[in-house]
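J.: Contents of upload-v2.csv (CSV, N, CA, C and O atoms) are given next:
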```csv
chain,number,residue,atom,x,y,z
A,1,MET,N,-94.2,-53.0,16.8
A,1,MET,CA,-93.1,-52.0,16.7
A,1,MET,C,-91.9,-52.6,17.4
A,1,MET,O,-92.0,-53.0,18.5
A,2,ASP,N,-90.7,-52.7,16.7
A,2,ASP,CA,-89.5,-53.3,17.2
A,2,ASP,C,-88.5,-52.2,17.4
A,2,ASP,O,-87.8,-51.8,16.5
A,3,VAL,N,-88.5,-51.6,18.6
A,3,VAL,CA,-87.6,-50.5,18.9
A,3,VAL,C,-86.1,-50.9,18.7
A,3,VAL,O,-85.4,-50.0,18.3
A,4,GLN,N,-85.8,-52.1,19.1
A,4,GLN,CA,-84.4,-52.5,18.9
A,4,GLN,C,-84.0,-52.5,17.4
A,4,GLN,O,-82.9,-52.0,17.0
A,5,ARG,N,-84.9,-53.0,16.5
A,5,ARG,CA,-84.6,-53.0,15.1
A,5,ARG,C,-84.5,-51.5,14.6
A,5,ARG,O,-83.7,-51.2,13.8
A,6,ILE,N,-85.4,-50.7,15.1
A,6,ILE,CA,-85.4,-49.3,14.6
A,6,ILE,C,-84.1,-48.6,15.0
A,6,ILE,O,-83.5,-47.9,14.2
A,7,SER,N,-83.7,-48.9,16.2
A,7,SER,CA,-82.4,-48.3,16.7
A,7,SER,C,-81.2,-48.8,15.8
A,7,SER,O,-80.3,-48.1,15.5
A,8,GLU,N,-81.2,-50.1,15.6
A,8,GLU,CA,-80.2,-50.7,14.7
A,8,GLU,C,-80.2,-50.1,13.3
A,8,GLU,O,-79.1,-49.7,12.8
A,9,MET,N,-81.3,-50.0,12.7
A,9,MET,CA,-81.4,-49.4,11.4
A,9,MET,C,-81.0,-47.9,11.4
A,9,MET,O,-80.4,-47.4,10.5
A,10,GLU,N,-81.3,-47.2,12.5
A,10,GLU,CA,-80.9,-45.8,12.6
A,10,GLU,C,-79.4,-45.7,12.7
A,10,GLU,O,-78.8,-44.8,12.0
A,11,GLU,N,-78.7,-46.6,13.3
A,11,GLU,CA,-77.3,-46.6,13.4
A,11,GLU,C,-76.7,-46.9,12.0
A,11,GLU,O,-75.8,-46.3,11.5
A,12,TYR,N,-77.4,-47.8,11.2
A,12,TYR,CA,-76.9,-48.1,9.8
A,12,TYR,C,-77.1,-46.8,9.0
A,12,TYR,O,-76.2,-46.5,8.2
A,13,LEU,N,-78.2,-46.1,9.1
A,13,LEU,CA,-78.5,-44.9,8.4
A,13,LEU,C,-77.4,-43.9,8.7
A,13,LEU,O,-76.8,-43.3,7.7
A,14,ASN,N,-77.1,-43.7,9.9
A,14,ASN,CA,-76.1,-42.7,10.3
A,14,ASN,C,-74.7,-43.0,9.8
A,14,ASN,O,-74.0,-42.2,9.3
A,15,GLU,N,-74.3,-44.3,9.9
A,15,GLU,CA,-73.0,-44.7,9.4
A,15,GLU,C,-72.9,-44.6,7.9
A,15,GLU,O,-71.9,-44.1,7.3
A,16,CYS,N,-74.0,-45.0,7.2
A,16,CYS,CA,-74.0,-44.9,5.7
A,16,CYS,C,-74.0,-43.4,5.3
A,16,CYS,O,-73.3,-43.1,4.3
A,17,THR,N,-74.7,-42.6,5.9
A,17,THR,CA,-74.7,-41.2,5.6
A,17,THR,C,-73.4,-40.6,5.8
A,17,THR,O,-72.9,-39.8,4.9
A,18,GLU,N,-72.7,-40.9,6.9
A,18,GLU,CA,-71.4,-40.3,7.2
A,18,GLU,C,-70.4,-40.9,6.2
A,18,GLU,O,-69.5,-40.1,5.7
A,19,ALA,N,-70.4,-42.2,5.9
A,19,ALA,CA,-69.5,-42.7,4.9
A,19,ALA,C,-69.7,-42.1,3.5
A,19,ALA,O,-68.7,-41.8,2.8
A,20,THR,N,-70.9,-41.9,3.1
A,20,THR,CA,-71.2,-41.4,1.8
A,20,THR,C,-70.7,-39.9,1.7
A,20,THR,O,-70.1,-39.5,0.7
A,21,ALA,N,-70.9,-39.2,2.8
A,21,ALA,CA,-70.5,-37.8,2.8
A,21,ALA,C,-68.9,-37.7,2.7
A,21,ALA,O,-68.3,-36.9,2.0
A,22,GLY,N,-68.3,-38.6,3.5
A,22,GLY,CA,-66.8,-38.7,3.5
A,22,GLY,C,-66.3,-39.1,2.1
A,22,GLY,O,-65.3,-38.5,1.6
A,23,LEU,N,-66.9,-40.0,1.5
A,23,LEU,CA,-66.5,-40.5,0.1
A,23,LEU,C,-66.6,-39.3,-0.9
A,23,LEU,O,-65.7,-39.1,-1.7
A,24,CYS,N,-67.8,-38.6,-0.8
A,24,CYS,CA,-68.0,-37.5,-1.7
A,24,CYS,C,-66.9,-36.4,-1.5
A,24,CYS,O,-66.4,-35.9,-2.5
A,25,ALA,N,-66.6,-36.2,-0.3
A,25,ALA,CA,-65.6,-35.2,0.0
A,25,ALA,C,-64.2,-35.6,-0.5
A,25,ALA,O,-63.5,-34.8,-1.1
A,26,GLN,N,-63.9,-36.9,-0.4
A,26,GLN,CA,-62.6,-37.3,-0.9
A,26,GLN,C,-62.6,-37.3,-2.5
A,26,GLN,O,-61.6,-37.0,-3.1
A,27,LEU,N,-63.8,-37.7,-3.1
A,27,LEU,CA,-63.8,-37.6,-4.5
A,27,LEU,C,-63.7,-36.2,-5.0
A,27,LEU,O,-63.0,-35.9,-6.0
A,28,ASP,N,-64.3,-35.2,-4.3
A,28,ASP,CA,-64.1,-33.8,-4.7
A,28,ASP,C,-62.6,-33.4,-4.6
A,28,ASP,O,-62.1,-32.7,-5.5
A,29,ARG,N,-62.0,-33.9,-3.6
A,29,ARG,CA,-60.5,-33.6,-3.4
A,29,ARG,C,-59.7,-34.2,-4.5
A,29,ARG,O,-58.8,-33.6,-5.0
A,30,MET,N,-60.0,-35.5,-4.9
A,30,MET,CA,-59.3,-36.1,-6.0
A,30,MET,C,-59.5,-35.4,-7.3
A,30,MET,O,-58.6,-35.2,-8.1
A,31,GLU,N,-60.8,-35.0,-7.5
A,31,GLU,CA,-61.1,-34.2,-8.8
A,31,GLU,C,-60.3,-32.9,-8.8
A,31,GLU,O,-59.8,-32.5,-9.8
A,32,ALA,N,-60.2,-32.3,-7.6
A,32,ALA,CA,-59.5,-31.0,-7.5
A,32,ALA,C,-58.0,-31.1,-7.8
A,32,ALA,O,-57.4,-30.1,-8.4
A,33,CYS,N,-57.4,-32.2,-7.5
A,33,CYS,CA,-56.0,-32.3,-7.8
A,33,CYS,C,-55.7,-33.2,-9.0
A,33,CYS,O,-54.5,-33.6,-9.2
A,34,ARG,N,-56.7,-33.5,-9.8
A,34,ARG,CA,-56.5,-34.3,-11.0
A,34,ARG,C,-55.4,-33.8,-11.9
A,34,ARG,O,-54.6,-34.5,-12.5
A,35,GLU,N,-55.5,-32.5,-12.2
A,35,GLU,CA,-54.5,-31.9,-13.1
A,35,GLU,C,-53.1,-31.9,-12.5
A,35,GLU,O,-52.2,-32.2,-13.3
A,36,GLN,N,-53.0,-31.8,-11.2
A,36,GLN,CA,-51.7,-31.9,-10.6
A,36,GLN,C,-51.2,-33.3,-10.7
A,36,GLN,O,-50.0,-33.5,-11.0
A,37,MET,N,-52.0,-34.3,-10.5
A,37,MET,CA,-51.6,-35.7,-10.7
A,37,MET,C,-51.2,-35.9,-12.1
A,37,MET,O,-50.2,-36.6,-12.4
A,38,THR,N,-52.0,-35.4,-13.1
A,38,THR,CA,-51.6,-35.6,-14.5
A,38,THR,C,-50.3,-35.0,-14.8
A,38,THR,O,-49.4,-35.7,-15.5
A,39,ARG,N,-50.0,-33.9,-14.3
A,39,ARG,CA,-48.7,-33.2,-14.6
A,39,ARG,C,-47.6,-33.9,-13.9
A,39,ARG,O,-46.5,-34.1,-14.5
A,40,LEU,N,-47.8,-34.4,-12.6
A,40,LEU,CA,-46.8,-35.1,-11.9
A,40,LEU,C,-46.4,-36.4,-12.6
A,40,LEU,O,-45.3,-36.7,-12.8
A,41,PHE,N,-47.5,-37.2,-13.0
A,41,PHE,CA,-47.2,-38.5,-13.6
A,41,PHE,C,-46.6,-38.3,-15.0
A,41,PHE,O,-45.8,-39.2,-15.4
A,42,ALA,N,-46.9,-37.2,-15.7
A,42,ALA,CA,-46.3,-37.0,-17.0
A,42,ALA,C,-44.8,-36.6,-16.8
A,42,ALA,O,-44.0,-36.9,-17.7
A,43,TYR,N,-44.5,-35.9,-15.7
A,43,TYR,CA,-43.1,-35.5,-15.5
A,43,TYR,C,-42.2,-36.7,-15.1
A,43,TYR,O,-41.0,-36.7,-15.5
A,44,TYR,N,-42.8,-37.6,-14.4
A,44,TYR,CA,-42.0,-38.8,-13.9
A,44,TYR,C,-41.4,-39.6,-15.0
A,44,TYR,O,-42.0,-40.0,-16.0
A,45,GLY,N,-40.1,-39.7,-15.0
A,45,GLY,CA,-39.3,-40.5,-16.0
A,45,GLY,C,-39.0,-39.8,-17.2
A,45,GLY,O,-38.4,-40.4,-18.1
A,46,THR,N,-39.3,-38.5,-17.3
A,46,THR,CA,-39.0,-37.7,-18.5
A,46,THR,C,-37.5,-37.3,-18.5
A,46,THR,O,-36.8,-37.4,-17.5
A,47,GLU,N,-37.1,-36.7,-19.6
A,47,GLU,CA,-35.7,-36.1,-19.6
A,47,GLU,C,-35.6,-35.0,-18.6
A,47,GLU,O,-34.5,-35.0,-17.9
A,48,ALA,N,-36.6,-34.2,-18.4
A,48,ALA,CA,-36.5,-33.1,-17.4
A,48,ALA,C,-36.4,-33.7,-16.0
A,48,ALA,O,-35.6,-33.2,-15.2
A,49,TRP,N,-37.1,-34.8,-15.7
A,49,TRP,CA,-37.0,-35.5,-14.4
A,49,TRP,C,-35.6,-36.0,-14.2
A,49,TRP,O,-35.0,-35.8,-13.1
A,50,TYR,N,-35.0,-36.6,-15.2
A,50,TYR,CA,-33.6,-37.1,-15.1
A,50,TYR,C,-32.6,-35.9,-14.9
A,50,TYR,O,-31.7,-36.0,-14.1
A,51,GLU,N,-32.8,-34.8,-15.6
A,51,GLU,CA,-32.0,-33.7,-15.4
A,51,GLU,C,-32.1,-33.1,-14.0
A,51,GLU,O,-31.1,-32.8,-13.4
A,52,ASP,N,-33.3,-33.1,-13.5
A,52,ASP,CA,-33.5,-32.5,-12.1
A,52,ASP,C,-32.8,-33.5,-11.1
A,52,ASP,O,-32.3,-33.0,-10.1
A,53,ARG,N,-32.8,-34.7,-11.4
A,53,ARG,CA,-32.2,-35.7,-10.4
A,53,ARG,C,-30.7,-35.5,-10.4
A,53,ARG,O,-30.0,-35.8,-9.4
A,54,ALA,N,-30.1,-35.1,-11.6
A,54,ALA,CA,-28.7,-35.0,-11.7
A,54,ALA,C,-28.1,-33.8,-11.0
A,54,ALA,O,-26.9,-33.7,-10.6
A,55,GLY,N,-29.0,-32.8,-10.7
A,55,GLY,CA,-28.5,-31.6,-10.1
A,55,GLY,C,-28.3,-31.6,-8.6
A,55,GLY,O,-28.8,-32.6,-8.0
A,56,GLU,N,-27.6,-30.7,-8.1
A,56,GLU,CA,-27.4,-30.6,-6.6
A,56,GLU,C,-28.5,-29.7,-6.1
A,56,GLU,O,-28.6,-28.5,-6.5
A,57,LEU,N,-29.2,-30.2,-5.1
A,57,LEU,CA,-30.3,-29.4,-4.5
A,57,LEU,C,-29.8,-28.6,-3.4
A,57,LEU,O,-29.0,-29.0,-2.6
A,58,PRO,N,-30.4,-27.4,-3.2
A,58,PRO,CA,-30.1,-26.6,-2.1
A,58,PRO,C,-30.5,-27.3,-0.8
A,58,PRO,O,-31.5,-28.1,-0.8
A,59,GLU,N,-29.9,-27.1,0.3
A,59,GLU,CA,-30.2,-27.7,1.6
A,59,GLU,C,-31.6,-27.2,2.0
A,59,GLU,O,-32.0,-26.1,1.8
A,60,GLY,N,-32.4,-28.2,2.5
A,60,GLY,CA,-33.7,-27.9,3.0
A,60,GLY,C,-34.8,-28.0,2.0
A,60,GLY,O,-36.0,-27.8,2.3
A,61,ILE,N,-34.5,-28.4,0.7
A,61,ILE,CA,-35.5,-28.5,-0.3
A,61,ILE,C,-36.0,-30.0,-0.3
A,61,ILE,O,-35.2,-30.9,-0.4
A,62,SER,N,-37.2,-30.2,-0.2
A,62,SER,CA,-37.8,-31.5,-0.3
A,62,SER,C,-37.9,-32.0,-1.7
A,62,SER,O,-38.3,-31.2,-2.6
A,63,ALA,N,-37.4,-33.2,-2.0
A,63,ALA,CA,-37.3,-33.6,-3.4
A,63,ALA,C,-37.7,-35.1,-3.5
A,63,ALA,O,-37.2,-35.8,-4.3
A,64,GLY,N,-38.8,-35.5,-2.8
A,64,GLY,CA,-39.3,-36.9,-2.9
A,64,GLY,C,-39.7,-37.2,-4.3
A,64,GLY,O,-39.7,-38.3,-4.7
A,65,VAL,N,-40.1,-36.2,-5.0
A,65,VAL,CA,-40.6,-36.4,-6.4
A,65,VAL,C,-39.4,-36.9,-7.3
A,65,VAL,O,-39.7,-37.5,-8.3
A,66,LEU,N,-38.2,-36.7,-6.8
A,66,LEU,CA,-37.1,-37.2,-7.7
A,66,LEU,C,-36.7,-38.7,-7.3
A,66,LEU,O,-35.9,-39.3,-8.0
A,67,SER,N,-37.3,-39.2,-6.3
A,67,SER,CA,-37.1,-40.7,-6.0
A,67,SER,C,-37.9,-41.5,-7.0
A,67,SER,O,-38.9,-41.0,-7.6
A,68,GLU,N,-37.4,-42.7,-7.3
A,68,GLU,CA,-38.2,-43.5,-8.2
A,68,GLU,C,-39.4,-44.1,-7.5
A,68,GLU,O,-40.4,-44.3,-8.2
A,69,ASP,N,-39.3,-44.4,-6.3
A,69,ASP,CA,-40.4,-45.2,-5.6
A,69,ASP,C,-41.6,-44.3,-5.3
A,69,ASP,O,-42.7,-44.8,-5.4
A,70,LEU,N,-41.4,-43.1,-4.8
A,70,LEU,CA,-42.5,-42.3,-4.3
A,70,LEU,C,-43.6,-42.0,-5.3
A,70,LEU,O,-44.8,-42.2,-5.1
A,71,VAL,N,-43.1,-41.5,-6.5
A,71,VAL,CA,-44.0,-41.2,-7.6
A,71,VAL,C,-44.7,-42.5,-8.1
A,71,VAL,O,-45.9,-42.5,-8.3
A,72,TYR,N,-43.8,-43.5,-8.4
A,72,TYR,CA,-44.3,-44.8,-8.9
A,72,TYR,C,-45.4,-45.3,-7.9
A,72,TYR,O,-46.5,-45.8,-8.4
A,73,ASP,N,-45.1,-45.3,-6.6
A,73,ASP,CA,-46.1,-45.9,-5.6
A,73,ASP,C,-47.4,-45.1,-5.7
A,73,ASP,O,-48.5,-45.6,-5.5
A,74,GLN,N,-47.3,-43.8,-5.9
A,74,GLN,CA,-48.5,-42.9,-6.0
A,74,GLN,C,-49.3,-43.3,-7.2
A,74,GLN,O,-50.5,-43.4,-7.2
A,75,ILE,N,-48.6,-43.5,-8.3
A,75,ILE,CA,-49.3,-43.9,-9.6
A,75,ILE,C,-50.0,-45.2,-9.3
A,75,ILE,O,-51.2,-45.3,-9.7
A,76,VAL,N,-49.4,-46.2,-8.7
A,76,VAL,CA,-50.0,-47.5,-8.4
A,76,VAL,C,-51.2,-47.3,-7.5
A,76,VAL,O,-52.3,-47.9,-7.6
A,77,SER,N,-51.0,-46.4,-6.4
A,77,SER,CA,-52.1,-46.2,-5.5
A,77,SER,C,-53.3,-45.6,-6.1
A,77,SER,O,-54.5,-46.0,-5.8
A,78,VAL,N,-53.1,-44.6,-7.0
A,78,VAL,CA,-54.2,-44.0,-7.7
A,78,VAL,C,-55.0,-45.0,-8.6
A,78,VAL,O,-56.2,-45.1,-8.6
A,79,ARG,N,-54.2,-45.8,-9.3
A,79,ARG,CA,-54.8,-46.9,-10.1
A,79,ARG,C,-55.6,-47.9,-9.3
A,79,ARG,O,-56.7,-48.2,-9.6
A,80,ASP,N,-55.0,-48.3,-8.2
A,80,ASP,CA,-55.7,-49.3,-7.3
A,80,ASP,C,-57.0,-48.7,-6.7
A,80,ASP,O,-58.0,-49.3,-6.7
A,81,ALA,N,-56.9,-47.4,-6.4
A,81,ALA,CA,-58.1,-46.7,-5.8
A,81,ALA,C,-59.2,-46.6,-6.9
A,81,ALA,O,-60.4,-46.8,-6.6
A,82,ALA,N,-58.8,-46.3,-8.1
A,82,ALA,CA,-59.7,-46.2,-9.2
A,82,ALA,C,-60.4,-47.6,-9.5
A,82,ALA,O,-61.6,-47.7,-9.7
A,83,ILE,N,-59.6,-48.7,-9.4
A,83,ILE,CA,-60.2,-50.0,-9.6
A,83,ILE,C,-61.2,-50.3,-8.5
A,83,ILE,O,-62.3,-50.8,-8.8
A,84,ARG,N,-60.8,-50.0,-7.3
A,84,ARG,CA,-61.7,-50.2,-6.1
A,84,ARG,C,-63.0,-49.4,-6.3
A,84,ARG,O,-64.1,-50.0,-6.0
A,85,MET,N,-62.9,-48.2,-6.8
A,85,MET,CA,-64.1,-47.4,-7.0
A,85,MET,C,-65.0,-48.0,-8.1
A,85,MET,O,-66.2,-48.1,-7.9
A,86,LEU,N,-64.4,-48.5,-9.1
A,86,LEU,CA,-65.2,-49.1,-10.2
A,86,LEU,C,-65.8,-50.4,-9.7
A,86,LEU,O,-67.0,-50.7,-10.0
A,87,GLU,N,-65.1,-51.2,-8.9
A,87,GLU,CA,-65.7,-52.5,-8.4
A,87,GLU,C,-66.8,-52.2,-7.5
A,87,GLU,O,-67.8,-52.8,-7.5
A,88,LEU,N,-66.6,-51.2,-6.6
A,88,LEU,CA,-67.7,-50.9,-5.6
A,88,LEU,C,-68.9,-50.3,-6.3
A,88,LEU,O,-70.0,-50.7,-6.1
A,89,ALA,N,-68.6,-49.4,-7.3
A,89,ALA,CA,-69.8,-48.8,-8.0
A,89,ALA,C,-70.5,-49.9,-8.8
A,89,ALA,O,-71.7,-49.9,-8.9
A,90,THR,N,-69.8,-50.8,-9.4
A,90,THR,CA,-70.4,-51.9,-10.2
A,90,THR,C,-71.3,-52.8,-9.3
A,90,THR,O,-72.4,-53.1,-9.6
A,91,ASP,N,-70.7,-53.1,-8.1
A,91,ASP,CA,-71.5,-53.9,-7.2
A,91,ASP,C,-72.7,-53.2,-6.7
A,91,ASP,O,-73.8,-53.8,-6.7
A,92,ILE,N,-72.6,-51.9,-6.4
A,92,ILE,CA,-73.7,-51.2,-5.9
A,92,ILE,C,-74.8,-51.1,-7.0
A,92,ILE,O,-76.0,-51.3,-6.8
A,93,LEU,N,-74.4,-50.8,-8.2
A,93,LEU,CA,-75.4,-50.7,-9.3
A,93,LEU,C,-76.0,-52.0,-9.7
A,93,LEU,O,-77.2,-52.1,-10.0
A,94,LYS,N,-75.2,-53.1,-9.7
A,94,LYS,CA,-75.8,-54.4,-10.1
A,94,LYS,C,-76.7,-54.9,-9.0
A,94,LYS,O,-77.8,-55.5,-9.3
A,95,ASN,N,-76.4,-54.6,-7.7
A,95,ASN,CA,-77.2,-55.1,-6.6
A,95,ASN,C,-78.2,-54.1,-6.1
A,95,ASN,O,-78.9,-54.4,-5.1
A,96,ARG,N,-78.2,-53.0,-6.8
A,96,ARG,CA,-79.2,-51.9,-6.4
A,96,ARG,C,-79.1,-51.5,-5.0
A,96,ARG,O,-80.1,-51.2,-4.3
A,97,ILE,N,-77.9,-51.5,-4.5
A,97,ILE,CA,-77.6,-50.9,-3.1
A,97,ILE,C,-76.4,-50.1,-3.2
A,97,ILE,O,-75.6,-50.1,-4.0
```
Can I see the file as structure tokens?

T.:
Amino acid sequence: MDVQRISEMEEYLNECTEATAGLCAQLDRMEACREQMTRLFAYYGTEAWYEDRAGELPEGISAGVLSEDLVYDQIVSVRDAAIRMLELATDILKNRI
């Protein structure tokens, strides 16, 4: 019996269990806001978006959604995250881990 190896593997188990639980929680969160993302991304660059940008906003209203960069960066981030998920899932399934 190798107590050191058992302890090491127990650490691996705990870390993997925590990482998997965290990933599942984040996936649940992404699924929950999927319709919001779809609506936001569909709004970006539309005639309505341009009309909203042309208007004068009341003081204190947050309007990052009207910037070109913030929404675009979010679209790219979601796409990049989806690619990473696919690559990780493919690797896990191919290597059976």

J.: Identify all residues of stretch 29-94 of chain A in alpha helix (DSSP H) (DSSP on the backbone) and supply them as an MDAnalysis selection string.

T.: chainID A and resid 29:32 34:43 47:54 68:94

J.: Just to confirm, what's the straight-line distance from atom CA of A:Phe41 to atom CA of A:Ile75 in Å (one decimal)?

T.: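 These atoms are spaced 7.0 Å apart.
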
J.: May I ask for the distance between atom O of A:Glu51 and atom O of A:Leu66, given in Å to one decimal place?

T.: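 Value for the atom O of A:Glu51-atom O of A:Leu66 distance: 9.7 Å.
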
J.: Which distance in Å separates atom C of A:Arg84 and atom O of A:Leu23, to one decimal?

T.: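 That distance, rounded to one decimal, is 11.6 Å.
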
J.: Smallest atom-to-atom distance to A:Leu40: which of A:Glu56, A:Val71, A:Glu87, A:Glu8, using all atoms listed in the file?

T.: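 The closest residue to A:Leu40 is A:Val71.
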
J.: Kindly complete stretch 36-45 of chain A to all heavy atoms; the output should be written as a short mmCIF file (atom, residue, chain, number, x, y, z; two decimals), in the frame of the given file.

T.:
```cif
data_model
loop_
_atom_site.label_atom_id
_atom_site.label_comp_id
_atom_site.auth_asym_id
_atom_site.auth_seq_id
_atom_site.Cartn_x
_atom_site.Cartn_y
_atom_site.Cartn_z
N GLN A 36 -53.00 -31.80 -11.20
CA GLN A 36 -51.70 -31.90 -10.60
C GLN A 36 -51.20 -33.30 -10.70
O GLN A 36 -50.00 -33.50 -11.00
CB GLN A 36 -51.80 -31.52 -9.09
CG GLN A 36 -52.11 -30.06 -8.86
CD GLN A 36 -52.48 -29.79 -7.42
OE1 GLN A 36 -53.09 -30.62 -6.75
NE2 GLN A 36 -52.11 -28.62 -6.94
N MET A 37 -52.00 -34.30 -10.50
CA MET A 37 -51.60 -35.70 -10.70
C MET A 37 -51.20 -35.90 -12.10
O MET A 37 -50.20 -36.60 -12.40
CB MET A 37 -52.77 -36.66 -10.34
CG MET A 37 -52.94 -36.91 -8.88
SD MET A 37 -54.08 -38.26 -8.54
CE MET A 37 -55.64 -37.56 -9.03
N THR A 38 -52.00 -35.40 -13.10
CA THR A 38 -51.60 -35.60 -14.50
C THR A 38 -50.30 -35.00 -14.80
O THR A 38 -49.40 -35.70 -15.50
CB THR A 38 -52.72 -35.00 -15.38
OG1 THR A 38 -53.96 -35.63 -15.09
CG2 THR A 38 -52.40 -35.14 -16.85
N ARG A 39 -50.00 -33.90 -14.30
CA ARG A 39 -48.70 -33.20 -14.60
C ARG A 39 -47.60 -33.90 -13.90
O ARG A 39 -46.50 -34.10 -14.50
CB ARG A 39 -48.78 -31.74 -14.15
CG ARG A 39 -49.74 -30.92 -15.04
CD ARG A 39 -49.80 -29.49 -14.64
NE ARG A 39 -48.49 -28.88 -14.92
CZ ARG A 39 -48.13 -27.70 -14.43
NH1 ARG A 39 -48.94 -27.02 -13.66
NH2 ARG A 39 -46.95 -27.20 -14.73
N LEU A 40 -47.80 -34.40 -12.60
CA LEU A 40 -46.80 -35.10 -11.90
C LEU A 40 -46.40 -36.40 -12.60
O LEU A 40 -45.30 -36.70 -12.80
CB LEU A 40 -47.24 -35.39 -10.48
CG LEU A 40 -46.38 -36.35 -9.66
CD1 LEU A 40 -44.98 -35.79 -9.44
CD2 LEU A 40 -47.07 -36.67 -8.34
N PHE A 41 -47.50 -37.20 -13.00
CA PHE A 41 -47.20 -38.50 -13.60
C PHE A 41 -46.60 -38.30 -15.00
O PHE A 41 -45.80 -39.20 -15.40
CB PHE A 41 -48.55 -39.27 -13.69
CG PHE A 41 -49.17 -39.58 -12.34
CD1 PHE A 41 -50.47 -40.05 -12.28
CD2 PHE A 41 -48.49 -39.40 -11.15
CE1 PHE A 41 -51.05 -40.35 -11.05
CE2 PHE A 41 -49.06 -39.69 -9.92
CZ PHE A 41 -50.35 -40.16 -9.87
N ALA A 42 -46.90 -37.20 -15.70
CA ALA A 42 -46.30 -37.00 -17.00
C ALA A 42 -44.80 -36.60 -16.80
O ALA A 42 -44.00 -36.90 -17.70
CB ALA A 42 -47.06 -35.91 -17.74
N TYR A 43 -44.50 -35.90 -15.70
CA TYR A 43 -43.10 -35.50 -15.50
C TYR A 43 -42.20 -36.70 -15.10
O TYR A 43 -41.00 -36.70 -15.50
CB TYR A 43 -43.15 -34.50 -14.30
CG TYR A 43 -41.84 -34.17 -13.64
CD1 TYR A 43 -40.85 -33.44 -14.29
CD2 TYR A 43 -41.60 -34.56 -12.32
CE1 TYR A 43 -39.65 -33.12 -13.66
CE2 TYR A 43 -40.42 -34.24 -11.68
CZ TYR A 43 -39.45 -33.52 -12.34
OH TYR A 43 -38.26 -33.20 -11.71
N TYR A 44 -42.80 -37.60 -14.40
CA TYR A 44 -42.00 -38.80 -13.90
C TYR A 44 -41.40 -39.60 -15.00
O TYR A 44 -42.00 -40.00 -16.00
CB TYR A 44 -42.94 -39.70 -13.10
CG TYR A 44 -42.32 -40.97 -12.56
CD1 TYR A 44 -41.39 -40.93 -11.54
CD2 TYR A 44 -42.69 -42.21 -13.07
CE1 TYR A 44 -40.83 -42.09 -11.04
CE2 TYR A 44 -42.13 -43.38 -12.58
CZ TYR A 44 -41.20 -43.31 -11.56
OH TYR A 44 -40.65 -44.46 -11.06
N GLY A 45 -40.10 -39.70 -15.00
CA GLY A 45 -39.30 -40.50 -16.00
C GLY A 45 -39.00 -39.80 -17.20
O GLY A 45 -38.40 -40.40 -18.10
#
```
